[in-house]
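One file, data-v6.cif, carrying mmCIF, C-alpha atoms and all ligand atoms:
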```cif
data_my_file
loop_
_atom_site.label_atom_id
_atom_site.label_comp_id
_atom_site.auth_asym_id
_atom_site.auth_seq_id
_atom_site.Cartn_x
_atom_site.Cartn_y
_atom_site.Cartn_z
CA MET A 28 -24.23 -8.55 -7.60
CA SER A 29 -24.16 -9.41 -3.88
CA THR A 30 -25.73 -6.91 -1.48
CA ILE A 31 -23.77 -8.18 1.51
CA HIS A 32 -20.52 -6.26 2.07
CA THR A 33 -17.71 -6.80 4.55
CA PHE A 34 -15.44 -4.21 6.11
CA GLN A 35 -12.66 -4.90 8.57
CA THR A 36 -9.81 -2.73 9.75
CA SER A 37 -7.22 -2.22 12.48
CA LYS A 38 -8.41 -1.97 16.08
CA ARG A 39 -7.32 1.58 16.95
CA VAL A 40 -5.98 4.40 14.76
CA VAL A 41 -4.28 7.52 16.13
CA LEU A 42 -3.70 10.42 13.72
CA GLY A 43 -1.73 13.63 13.99
CA LYS A 44 1.57 15.44 14.10
CA GLY A 45 3.28 14.31 17.33
CA ALA A 46 1.43 10.97 17.53
CA LEU A 47 4.79 9.20 17.95
CA GLU A 48 5.94 11.28 20.90
CA ASN A 49 2.57 10.52 22.52
CA LEU A 50 2.92 6.75 22.12
CA ARG A 51 3.18 6.35 25.92
CA ASN A 52 -0.49 7.41 26.25
CA GLN A 53 -1.52 4.66 23.86
CA LEU A 54 0.29 1.80 25.58
CA PHE A 55 -2.46 1.00 28.12
CA PRO A 56 -3.95 -1.93 26.10
CA PHE A 57 -0.52 -3.61 26.20
CA GLU A 58 -0.02 -3.30 29.95
CA GLY A 59 1.93 -6.25 31.29
CA ALA A 60 4.05 -6.61 28.17
CA LYS A 61 7.65 -7.05 29.26
CA ARG A 62 9.74 -7.38 26.14
CA VAL A 63 9.14 -5.51 22.90
CA LEU A 64 10.70 -5.97 19.46
CA ILE A 65 11.01 -2.84 17.32
CA VAL A 66 11.28 -3.74 13.62
CA SER A 67 12.55 -1.13 11.15
CA SER A 68 14.86 -0.34 8.24
CA PRO A 69 18.34 1.28 8.06
CA PHE A 70 17.08 4.85 7.40
CA LEU A 71 15.50 4.90 10.88
CA LYS A 72 18.82 4.34 12.66
CA LYS A 73 19.86 7.95 12.19
CA ASN A 74 16.84 10.07 12.94
CA GLY A 75 16.22 9.33 16.64
CA TYR A 76 12.75 7.79 16.27
CA ILE A 77 13.85 4.44 17.70
CA ASP A 78 15.19 6.19 20.81
CA LEU A 79 11.95 8.16 21.09
CA ILE A 80 9.95 4.92 21.07
CA GLY A 81 12.43 3.16 23.39
CA LYS A 82 12.27 5.86 26.04
CA GLN A 83 8.48 5.68 26.15
CA LEU A 84 8.59 1.87 26.40
CA ASN A 85 11.01 2.13 29.33
CA ASP A 86 8.67 4.64 30.99
CA ALA A 87 6.00 1.95 30.75
CA ASN A 88 8.40 -0.63 32.31
CA MET A 89 8.97 -2.43 29.04
CA GLU A 90 12.35 -3.56 27.71
CA TYR A 91 13.08 -3.62 24.03
CA ASP A 92 15.29 -5.01 21.27
CA VAL A 93 15.71 -3.45 17.85
CA ILE A 94 16.12 -4.85 14.33
CA THR A 95 16.99 -2.20 11.74
CA ASP A 96 18.00 -4.26 8.74
CA ILE A 97 14.70 -5.08 7.02
CA GLU A 98 15.21 -4.82 3.26
CA PRO A 99 12.80 -3.23 0.81
CA GLU A 100 10.57 -5.71 -1.09
CA PRO A 101 11.49 -8.49 1.40
CA THR A 102 12.13 -12.01 0.10
CA ILE A 103 11.06 -15.20 1.90
CA GLU A 104 14.72 -15.98 2.54
CA HIS A 105 15.43 -12.57 4.09
CA ILE A 106 12.35 -12.85 6.33
CA GLU A 107 13.12 -16.38 7.51
CA THR A 108 16.82 -15.68 8.14
CA THR A 109 16.00 -12.55 10.13
CA PHE A 110 13.32 -14.40 12.09
CA LYS A 111 15.87 -17.00 13.24
CA ARG A 112 17.56 -14.21 15.22
CA ILE A 113 14.45 -13.49 17.26
CA ASN A 114 12.36 -16.63 17.58
CA ARG A 115 13.88 -17.86 20.86
CA HIS A 116 13.05 -14.58 22.65
CA PRO A 117 9.82 -14.16 24.60
CA PHE A 118 8.62 -11.00 22.83
CA ASP A 119 5.12 -10.04 23.84
CA LEU A 120 4.69 -6.89 21.72
CA MET A 121 5.90 -5.96 18.21
CA ILE A 122 6.32 -2.44 16.89
CA GLY A 123 6.89 -2.04 13.13
CA ILE A 124 8.02 1.43 12.04
CA GLY A 125 8.84 1.98 8.36
CA GLY A 126 7.45 1.61 4.86
CA GLY A 127 5.20 -1.18 3.63
CA SER A 128 8.17 -3.57 3.55
CA VAL A 129 8.82 -3.23 7.30
CA LEU A 130 5.12 -3.35 8.21
CA ASP A 131 4.63 -6.54 6.18
CA VAL A 132 7.61 -8.25 7.84
CA THR A 133 6.40 -7.18 11.32
CA LYS A 134 3.03 -8.83 10.57
CA LEU A 135 4.81 -12.06 9.65
CA PHE A 136 7.07 -12.02 12.74
CA SER A 137 4.00 -11.51 14.93
CA VAL A 138 2.23 -14.64 13.65
CA LEU A 139 5.42 -16.70 13.22
CA LEU A 140 5.99 -16.45 16.99
CA LYS A 141 2.60 -18.04 17.70
CA ASN A 142 2.15 -20.51 14.82
CA ASP A 143 4.09 -23.52 13.62
CA VAL A 144 3.89 -22.49 9.95
CA SER A 145 6.76 -21.26 7.75
CA VAL A 146 6.48 -18.23 5.45
CA LYS A 147 6.85 -20.57 2.48
CA GLU A 148 3.89 -22.64 3.69
CA MET A 149 1.88 -19.45 4.15
CA THR A 150 2.54 -18.47 0.52
CA LYS A 151 1.14 -21.86 -0.47
CA GLY A 152 -2.10 -21.12 1.38
CA LYS A 153 -1.54 -22.91 4.73
CA THR A 154 -3.89 -21.41 7.33
CA ILE A 155 -2.54 -19.20 10.10
CA SER A 156 -4.68 -20.48 12.98
CA ASN A 157 -3.49 -18.50 16.00
CA LYS A 158 -3.51 -14.77 16.62
CA GLY A 159 0.04 -13.44 16.70
CA VAL A 160 1.84 -11.30 19.27
CA PRO A 161 0.08 -7.89 19.70
CA MET A 162 1.27 -5.36 17.14
CA ILE A 163 1.69 -1.60 16.71
CA LEU A 164 2.29 -0.43 13.12
CA ILE A 165 3.69 3.02 12.30
CA PRO A 166 3.94 3.82 8.55
CA THR A 167 6.68 6.16 7.32
CA THR A 168 5.64 6.10 3.63
CA SER A 169 2.24 7.10 2.27
CA GLY A 170 1.29 4.46 -0.24
CA THR A 171 0.63 0.86 0.66
CA GLY A 172 -1.98 1.28 3.41
CA SER A 173 -0.45 -1.92 4.86
CA GLU A 174 -1.18 -0.65 8.40
CA VAL A 175 -4.89 -1.34 7.78
CA THR A 176 -4.82 -4.31 5.41
CA PRO A 177 -4.85 -8.02 6.30
CA ASN A 178 -2.10 -8.59 3.69
CA SER A 179 1.63 -9.19 3.76
CA ILE A 180 3.48 -9.24 0.46
CA VAL A 181 6.64 -11.30 -0.01
CA THR A 182 8.97 -11.49 -3.00
CA LEU A 183 10.03 -14.72 -4.71
CA PRO A 184 13.04 -13.55 -6.76
CA ASP A 185 13.65 -16.85 -8.60
CA GLU A 186 10.09 -16.91 -9.89
CA GLU A 187 10.09 -13.14 -10.60
CA LEU A 188 6.92 -13.04 -8.53
CA LYS A 189 5.37 -11.40 -5.49
CA ILE A 190 2.81 -13.25 -3.40
CA GLY A 191 0.24 -11.74 -1.06
CA ILE A 192 -0.42 -13.69 2.14
CA VAL A 193 -3.79 -12.80 3.66
CA SER A 194 -4.88 -13.30 7.26
CA PRO A 195 -7.13 -11.38 9.66
CA HIS A 196 -4.29 -11.88 12.20
CA PHE A 197 -2.22 -9.36 10.20
CA LEU A 198 -4.45 -6.47 11.33
CA PRO A 199 -2.63 -4.61 14.11
CA ASP A 200 -3.93 -3.56 17.52
CA LEU A 201 -2.74 0.03 17.14
CA VAL A 202 -1.78 2.27 14.20
CA LEU A 203 0.03 5.59 14.63
CA LEU A 204 -0.31 7.98 11.68
CA ASP A 205 2.23 10.72 12.30
CA PRO A 206 2.93 12.85 9.20
CA THR A 207 6.20 14.13 10.70
CA LEU A 208 7.73 10.73 9.95
CA THR A 209 7.11 11.11 6.22
CA VAL A 210 8.79 14.50 5.59
CA THR A 211 12.13 12.82 4.80
CA LEU A 212 10.66 10.73 1.97
CA PRO A 213 12.61 11.41 -1.25
CA LYS A 214 10.69 12.92 -4.16
CA THR A 215 10.64 9.77 -6.29
CA ILE A 216 9.15 7.70 -3.44
CA THR A 217 6.63 10.46 -2.60
CA ALA A 218 5.51 10.45 -6.24
CA ALA A 219 5.35 6.69 -6.82
CA THR A 220 3.77 5.75 -3.47
CA GLY A 221 1.31 8.67 -3.67
CA MET A 222 0.09 7.57 -7.10
CA ASP A 223 -0.11 3.98 -5.84
CA ALA A 224 -2.39 5.14 -3.02
CA PHE A 225 -4.55 7.11 -5.48
CA THR A 226 -4.80 3.99 -7.68
CA HIS A 227 -5.90 1.86 -4.68
CA SER A 228 -8.82 4.20 -4.09
CA PHE A 229 -9.63 4.72 -7.77
CA GLU A 230 -9.73 0.98 -8.46
CA SER A 231 -11.70 0.26 -5.26
CA PHE A 232 -14.28 2.82 -6.43
CA ILE A 233 -14.75 1.26 -9.88
CA SER A 234 -14.31 -2.38 -8.69
CA ASN A 235 -17.14 -4.89 -9.13
CA LYS A 236 -16.96 -5.27 -5.33
CA ALA A 237 -17.30 -1.51 -4.65
CA ASN A 238 -19.88 -0.90 -1.92
CA PRO A 239 -21.19 1.96 0.22
CA ILE A 240 -18.51 1.47 2.89
CA SER A 241 -15.51 1.24 0.54
CA ASP A 242 -16.91 4.12 -1.57
CA MET A 243 -16.79 6.48 1.39
CA TYR A 244 -13.11 5.76 2.11
CA ALA A 245 -12.16 5.67 -1.59
CA LEU A 246 -13.70 9.06 -2.39
CA GLU A 247 -12.29 10.81 0.65
CA SER A 248 -8.89 9.27 -0.07
CA MET A 249 -8.93 10.58 -3.67
CA ARG A 250 -10.03 14.01 -2.43
CA LEU A 251 -7.14 14.21 0.07
CA ILE A 252 -4.52 12.89 -2.34
CA SER A 253 -5.57 15.02 -5.29
CA ARG A 254 -5.42 18.22 -3.27
CA SER A 255 -1.98 17.43 -1.80
CA ILE A 256 0.10 15.15 -4.01
CA VAL A 257 1.81 17.97 -5.91
CA ASN A 258 2.45 20.00 -2.73
CA ALA A 259 3.92 16.97 -0.95
CA TYR A 260 6.16 16.33 -3.95
CA GLU A 261 7.32 19.93 -4.44
CA ASN A 262 7.64 20.83 -0.78
CA GLY A 263 8.33 17.71 1.25
CA SER A 264 8.19 19.55 4.58
CA ASP A 265 4.61 20.79 4.03
CA ILE A 266 3.17 18.93 7.00
CA ASN A 267 -0.48 19.48 6.00
CA ALA A 268 0.16 17.99 2.56
CA ARG A 269 2.05 15.11 4.20
CA GLN A 270 -0.87 14.43 6.55
CA ASP A 271 -3.33 14.41 3.62
CA MET A 272 -1.13 11.89 1.81
CA LEU A 273 -0.74 9.67 4.87
CA LEU A 274 -4.44 9.65 5.71
CA GLY A 275 -5.32 9.31 2.01
CA SER A 276 -3.17 6.21 1.77
CA THR A 277 -4.63 4.68 4.95
CA TYR A 278 -8.16 5.29 3.62
CA GLY A 279 -7.01 3.69 0.35
CA GLY A 280 -5.96 0.58 2.32
CA MET A 281 -9.36 0.53 4.04
CA ALA A 282 -11.17 0.84 0.70
CA LEU A 283 -9.17 -1.88 -1.04
CA THR A 284 -9.51 -4.32 1.86
CA SER A 285 -13.25 -4.19 1.26
CA ALA A 286 -13.52 -3.71 -2.53
CA GLY A 287 -10.21 -4.91 -4.00
CA THR A 288 -8.08 -3.43 -6.75
CA ALA A 289 -8.53 -4.38 -10.40
CA ALA A 290 -6.86 -4.46 -13.84
CA VAL A 291 -4.34 -1.65 -13.25
CA HIS A 292 -2.79 -3.63 -10.39
CA ALA A 293 -3.05 -6.89 -12.35
CA LEU A 294 -1.11 -5.35 -15.26
CA ALA A 295 1.40 -3.68 -12.93
CA TYR A 296 2.44 -6.93 -11.17
CA PRO A 297 4.32 -8.54 -14.10
CA LEU A 298 6.10 -5.22 -14.77
CA GLY A 299 7.37 -5.22 -11.18
CA GLY A 300 8.30 -8.92 -11.13
CA LYS A 301 10.12 -9.05 -14.47
CA PHE A 302 11.43 -5.51 -15.08
CA ASN A 303 11.74 -4.16 -11.53
CA ILE A 304 9.54 -1.18 -12.34
CA ALA A 305 8.51 0.55 -9.08
CA HIS A 306 4.96 -0.53 -8.30
CA GLY A 307 3.57 3.03 -8.05
CA GLU A 308 5.25 4.07 -11.32
CA ALA A 309 3.80 1.06 -13.14
CA ASN A 310 0.34 1.90 -11.80
CA SER A 311 0.62 5.58 -12.80
CA MET A 312 1.63 4.64 -16.35
CA LEU A 313 -1.17 2.12 -16.73
CA LEU A 314 -3.99 4.02 -15.03
CA PRO A 315 -5.02 6.33 -17.95
CA HIS A 316 -4.84 3.50 -20.52
CA VAL A 317 -6.71 0.88 -18.48
CA THR A 318 -9.30 3.54 -17.64
CA LEU A 319 -9.83 4.28 -21.35
CA ALA A 320 -10.32 0.55 -21.97
CA ASN A 321 -12.92 0.39 -19.15
CA LEU A 322 -14.54 3.72 -19.94
CA ASP A 323 -17.92 2.68 -21.34
CA HIS A 324 -18.54 0.71 -18.11
CA ILE A 325 -17.49 3.39 -15.60
CA GLU A 326 -18.43 6.84 -16.95
CA ASP A 327 -20.92 7.61 -14.19
CA ARG A 328 -18.41 6.64 -11.50
CA MET A 329 -15.74 8.74 -13.27
CA LYS A 330 -18.08 11.73 -13.11
CA THR A 331 -18.55 11.21 -9.37
CA ILE A 332 -14.77 11.15 -8.85
CA ALA A 333 -14.27 14.24 -11.05
CA ARG A 334 -16.94 16.10 -9.06
CA GLU A 335 -15.58 15.02 -5.65
CA ILE A 336 -12.02 16.05 -6.40
CA GLY A 337 -13.16 19.44 -7.69
CA LEU A 338 -12.62 19.10 -11.43
CA LEU A 339 -16.19 20.11 -12.38
CA GLU A 340 -17.32 23.70 -12.00
CA LYS A 341 -20.84 22.93 -13.28
CA ASP A 342 -22.80 19.88 -14.30
CA GLU A 343 -21.14 18.28 -17.32
CA SER A 344 -21.70 15.07 -19.28
CA ALA A 345 -20.19 11.89 -17.87
CA ARG A 346 -18.01 11.58 -21.00
CA TYR A 347 -16.61 15.10 -20.60
CA ALA A 348 -16.02 14.59 -16.86
CA SER A 349 -14.17 11.35 -17.64
CA GLU A 350 -11.91 13.13 -20.11
CA LEU A 351 -11.10 15.80 -17.51
CA LEU A 352 -10.21 13.14 -14.95
CA ILE A 353 -7.98 11.17 -17.34
CA ASP A 354 -6.22 14.44 -18.34
CA GLN A 355 -5.67 15.24 -14.67
CA ILE A 356 -4.08 11.83 -14.00
CA VAL A 357 -1.73 12.25 -16.99
CA ARG A 358 -0.83 15.78 -15.81
CA TRP A 359 0.06 14.47 -12.34
CA THR A 360 2.41 11.86 -13.75
CA GLN A 361 4.10 14.58 -15.82
CA THR A 362 4.43 16.98 -12.88
CA LEU A 363 5.73 14.16 -10.66
CA ASN A 364 8.27 13.15 -13.32
CA ILE A 365 6.96 9.60 -13.60
CA PRO A 366 7.95 8.08 -16.96
CA GLN A 367 5.16 7.26 -19.42
CA ASP A 368 7.14 4.82 -21.48
CA LEU A 369 7.95 1.16 -20.87
CA LYS A 370 10.83 1.23 -23.37
CA SER A 371 12.97 3.22 -20.95
CA TYR A 372 12.73 0.23 -18.57
CA GLY A 373 13.90 -2.20 -21.26
CA VAL A 374 10.49 -3.64 -22.19
CA LYS A 375 10.34 -4.71 -25.84
CA GLU A 376 7.53 -5.54 -28.24
CA GLU A 377 8.35 -9.26 -28.00
CA ASP A 378 7.81 -9.16 -24.20
CA VAL A 379 4.17 -8.07 -24.58
CA PRO A 380 2.45 -11.49 -25.07
CA ALA A 381 4.07 -12.98 -21.95
CA LEU A 382 3.27 -9.85 -19.90
CA ALA A 383 -0.36 -9.94 -21.05
CA GLU A 384 -0.66 -13.66 -20.28
CA ALA A 385 0.77 -13.11 -16.78
CA ALA A 386 -1.57 -10.16 -16.12
CA SER A 387 -4.59 -12.08 -17.32
CA ASN A 388 -3.68 -14.90 -14.88
CA VAL A 389 -4.01 -12.50 -11.91
CA THR A 390 -7.68 -13.54 -11.81
CA ARG A 391 -8.18 -12.41 -8.17
CA LEU A 392 -7.84 -8.80 -9.42
CA MET A 393 -9.07 -9.18 -13.02
CA ASN A 394 -12.38 -10.49 -11.63
CA ASN A 395 -12.88 -7.14 -9.87
CA ASN A 396 -12.46 -5.23 -13.14
CA PRO A 397 -15.74 -3.69 -14.35
CA LYS A 398 -15.11 -4.80 -17.95
CA LYS A 399 -13.84 -8.20 -19.00
CA LEU A 400 -10.47 -7.67 -20.69
CA SER A 401 -9.17 -10.38 -23.05
CA VAL A 402 -5.46 -11.18 -23.42
CA LEU A 403 -5.57 -9.21 -26.70
CA ASP A 404 -7.13 -6.18 -24.95
CA ILE A 405 -4.33 -6.34 -22.38
CA GLU A 406 -1.65 -6.58 -25.08
CA LYS A 407 -3.08 -3.43 -26.68
CA ILE A 408 -2.79 -1.57 -23.37
CA TYR A 409 0.88 -2.52 -22.90
CA ARG A 410 1.64 -1.57 -26.53
CA LYS A 411 0.31 1.95 -25.93
CA LEU A 412 3.23 2.37 -23.51
CA LEU A 413 5.90 1.24 -25.96
N1 LIG B 501 0.56 -5.18 2.89
C1 LIG B 501 -0.02 -4.49 1.96
O1 LIG B 501 -1.23 -4.28 2.02
C2 LIG B 501 0.79 -3.95 0.85
C3 LIG B 501 0.17 -3.22 -0.18
C4 LIG B 501 0.96 -2.76 -1.23
C5 LIG B 501 2.34 -2.99 -1.24
N2 LIG B 501 2.92 -3.70 -0.23
C6 LIG B 501 4.35 -4.01 -0.18
O2 LIG B 501 5.01 -2.94 0.49
C7 LIG B 501 6.35 -2.82 0.00
C8 LIG B 501 6.59 -1.41 -0.50
O3 LIG B 501 6.39 -0.52 0.57
P1 LIG B 501 6.67 1.06 0.42
O4 LIG B 501 6.24 1.51 -0.91
O5 LIG B 501 6.09 1.70 1.61
O6 LIG B 501 8.25 1.15 0.40
P2 LIG B 501 9.38 0.43 1.27
O7 LIG B 501 8.88 0.07 2.61
O8 LIG B 501 9.94 -0.70 0.45
O9 LIG B 501 10.44 1.58 1.42
C9 LIG B 501 11.10 2.10 0.29
C10 LIG B 501 12.38 2.80 0.73
O10 LIG B 501 12.05 4.01 1.42
C11 LIG B 501 12.75 4.08 2.65
N3 LIG B 501 11.92 4.89 3.55
C12 LIG B 501 10.77 4.52 4.16
N4 LIG B 501 10.26 5.56 4.85
C13 LIG B 501 11.10 6.60 4.67
C14 LIG B 501 11.11 7.96 5.14
N5 LIG B 501 10.11 8.45 5.89
N6 LIG B 501 12.14 8.74 4.76
C15 LIG B 501 13.13 8.27 3.95
N7 LIG B 501 13.18 7.01 3.48
C16 LIG B 501 12.17 6.18 3.84
C17 LIG B 501 12.93 2.64 3.06
O11 LIG B 501 13.99 2.48 3.97
C18 LIG B 501 13.21 1.98 1.71
O12 LIG B 501 14.55 2.09 1.35
C19 LIG B 501 6.49 -3.84 -1.12
O13 LIG B 501 7.10 -5.01 -0.62
C20 LIG B 501 5.05 -4.10 -1.53
O14 LIG B 501 4.90 -5.35 -2.14
C21 LIG B 501 2.16 -4.15 0.81
FE FE B 502 -0.69 -0.87 -5.03
#
```
As structure tokens:
Amino acid sequence: MSTIHTFQTSKRVVLGKGALENLRNQLFPFEGAKRVLIVSSPFLKKNGYIDLIGKQLNDANMEYDVITDIEPEPTIEHIETTFKRINRHPFDLMIGIGGGSVLDVTKLFSVLLKNDVSVKEMTKGKTISNKGVPMILIPTTSGTGSEVTPNSIVTLPDEELKIGIVSPHFLPDLVLLDPTLTVTLPKTITAATGMDAFTHSFESFISNKANPISDMYALESMRLISRSIVNAYENGSDINARQDMLLGSTYGGMALTSAGTAAVHALAYPLGGKFNIAHGEANSMLLPHVTLANLDHIEDRMKTIAREIGLLEKDESARYASELLIDQIVRWTQTLNIPQDLKSYGVKEEDVPALAEAASNVTRLMNNNPKKLSVLDIEKIYRKLL
């Protein structure tokens, strides 16, 4: 295994309740910017956050335009049509405020303004040569970690596929982590995105590419999420729990940028593409079963996680610690009302071979998995959920 590890992240991260109303104090690196584009989704129209940003931009002598119609799970077509509305304007700063969908589109707009490459060409691997327009990203969900990853994920509906475009130019200049923005998240999204964030850190920690830097972020992320996921779900206005979830998901993004996710994500992708199962729900369902399949390769790491998240009162065997951790994951999914059954989403026995084939073709992630899983191994995992 290589001993050289890489870590990259966003330039500046500001954390805390009220970070958004203090944006003005963070605008100094963008001095001279004249025209700003704020990118967001419909839910932000109502709650006054756009006005709060706009007022602070005006105080800094910046004018702004707003787009509030970014769709969830954005398609190439949606992104390119929306971009046509803005590409003649001389924007010199982008602010993306919203969930992963909005942040990913903001990243694309930023580079589209400075490169002669279409989104379609990017999905086919064409290089993005030039740095984009400077960017501020402000997450309002706690799951993807997109604010600190060099990835932008676009949906190809005809091919029932999602593609990740990767470029260092997608890392923003400034990230605001303000837990106040996440208190309005509905329960189902809190549950699914929270478990997605936990899975990012869990898989980064057991990945073949795990390393001392990613381990630090992954463990702290799992510690924060495990102490707060149930509180955030049951009492959405618990600001401390919301901050733990937000920071936990950002740390998860930092960990996975360095170490990568593995088989859970590989098996979740075809479930999202073909059956529209929410990404975080698919991960939560798969996590205990993929972990059991990997177990003989990861027991020591499982024990470290169990100890760090406070499941062990005294020294126990790695096998026993692993069982405790798997039980805890299953209990979370029950408490968070995440289904444990693919049948309820319309998946049938005869779909399993094609799902397993598709998952096994996600080699970028399967190669990170600590144990080699054959197509038959993968079929067995899906069948446990039928
Ligand atoms: N770039 C990355 O590194 C990365 C990683 C994983 C996933 N993704 C992508 O991110 C997208 C999913 O992002 P997501 O899970 O954050 O969800 P999302 O951005 O799709 O948002 C889901 C829904 O929640 C609403 N919403 C967002 N914040 C809210 C709030 N505070 N209160 C109430 N409603 C709110 C949105 O308007 C939307 O309707 C997918 O396209 C996925 O492929 C990106
Ligand atoms: Fe994920």
Pick out the closest residue to ligand FE 502 (chain B) from this set: A:Asp265, A:Asp223, A:Glu90, A:Asp404. Count only C-alpha atoms and all ligand atoms.
A:Asp223
How would you report the residues lying within 8 Å of ligand LIG 501 (chain B), as a PyMOL selection string, if you count all atoms listed in the file?
chain A and resi 68-71+98-101+125-131+166-182+189+191+208-213+216+219-220+280+306-307
Taking into account all atoms listed in the file, which residue in the set A:Ile31, A:Ile356, A:Ile408, A:Val40 is nearest to Tyr278 in chain A?
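Smallest separation from Tyr278 in chain A among the options: A:Val40.
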When you look at range 286-291 of chain A with a cut-off of 8 Å (counting only C-alpha atoms), what residues show up, excluding the ones that are within fewer than 3 positions of it in the same chain? I need them as a PyMOL selection string.
chain A and resi 226-227+230-232+234-238+241+282-283+294-295+310+313-314+317+392-396
Create the file for the chosen residues now, containing C-alpha atoms and written as a PDB file, keeping the file's coordinate frame.
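Below is the file that was written, part-v5.pdb:
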```
ATOM      1  CA  THR A 226      -4.800   3.990  -7.680  1.00  0.00           C
ATOM      2  CA  HIS A 227      -5.900   1.860  -4.680  1.00  0.00           C
ATOM      3  CA  GLU A 230      -9.730   0.980  -8.460  1.00  0.00           C
ATOM      4  CA  SER A 231     -11.700   0.260  -5.260  1.00  0.00           C
ATOM      5  CA  PHE A 232     -14.280   2.820  -6.430  1.00  0.00           C
ATOM      6  CA  SER A 234     -14.310  -2.380  -8.690  1.00  0.00           C
ATOM      7  CA  ASN A 235     -17.140  -4.890  -9.130  1.00  0.00           C
ATOM      8  CA  LYS A 236     -16.960  -5.270  -5.330  1.00  0.00           C
ATOM      9  CA  ALA A 237     -17.300  -1.510  -4.650  1.00  0.00           C
ATOM     10  CA  ASN A 238     -19.880  -0.900  -1.920  1.00  0.00           C
ATOM     11  CA  SER A 241     -15.510   1.240   0.540  1.00  0.00           C
ATOM     12  CA  ALA A 282     -11.170   0.840   0.700  1.00  0.00           C
ATOM     13  CA  LEU A 283      -9.170  -1.880  -1.040  1.00  0.00           C
ATOM     14  CA  LEU A 294      -1.110  -5.350 -15.260  1.00  0.00           C
ATOM     15  CA  ALA A 295       1.400  -3.680 -12.930  1.00  0.00           C
ATOM     16  CA  ASN A 310       0.340   1.900 -11.800  1.00  0.00           C
ATOM     17  CA  LEU A 313      -1.170   2.120 -16.730  1.00  0.00           C
ATOM     18  CA  LEU A 314      -3.990   4.020 -15.030  1.00  0.00           C
ATOM     19  CA  VAL A 317      -6.710   0.880 -18.480  1.00  0.00           C
ATOM     20  CA  LEU A 392      -7.840  -8.800  -9.420  1.00  0.00           C
ATOM     21  CA  MET A 393      -9.070  -9.180 -13.020  1.00  0.00           C
ATOM     22  CA  ASN A 394     -12.380 -10.490 -11.630  1.00  0.00           C
ATOM     23  CA  ASN A 395     -12.880  -7.140  -9.870  1.00  0.00           C
ATOM     24  CA  ASN A 396     -12.460  -5.230 -13.140  1.00  0.00           C
TER      25      ASN A 396
END
```
Which one of A:Met249, A:Ala309, A:Ile124, A:Leu403 sits closest to Asp368 in chain A if you count all atoms listed in the file?
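Closest candidate: A:Ala309.
CA of Leu251 in chain A sits 22.3 Å away from CA of Ala345 in chain A.
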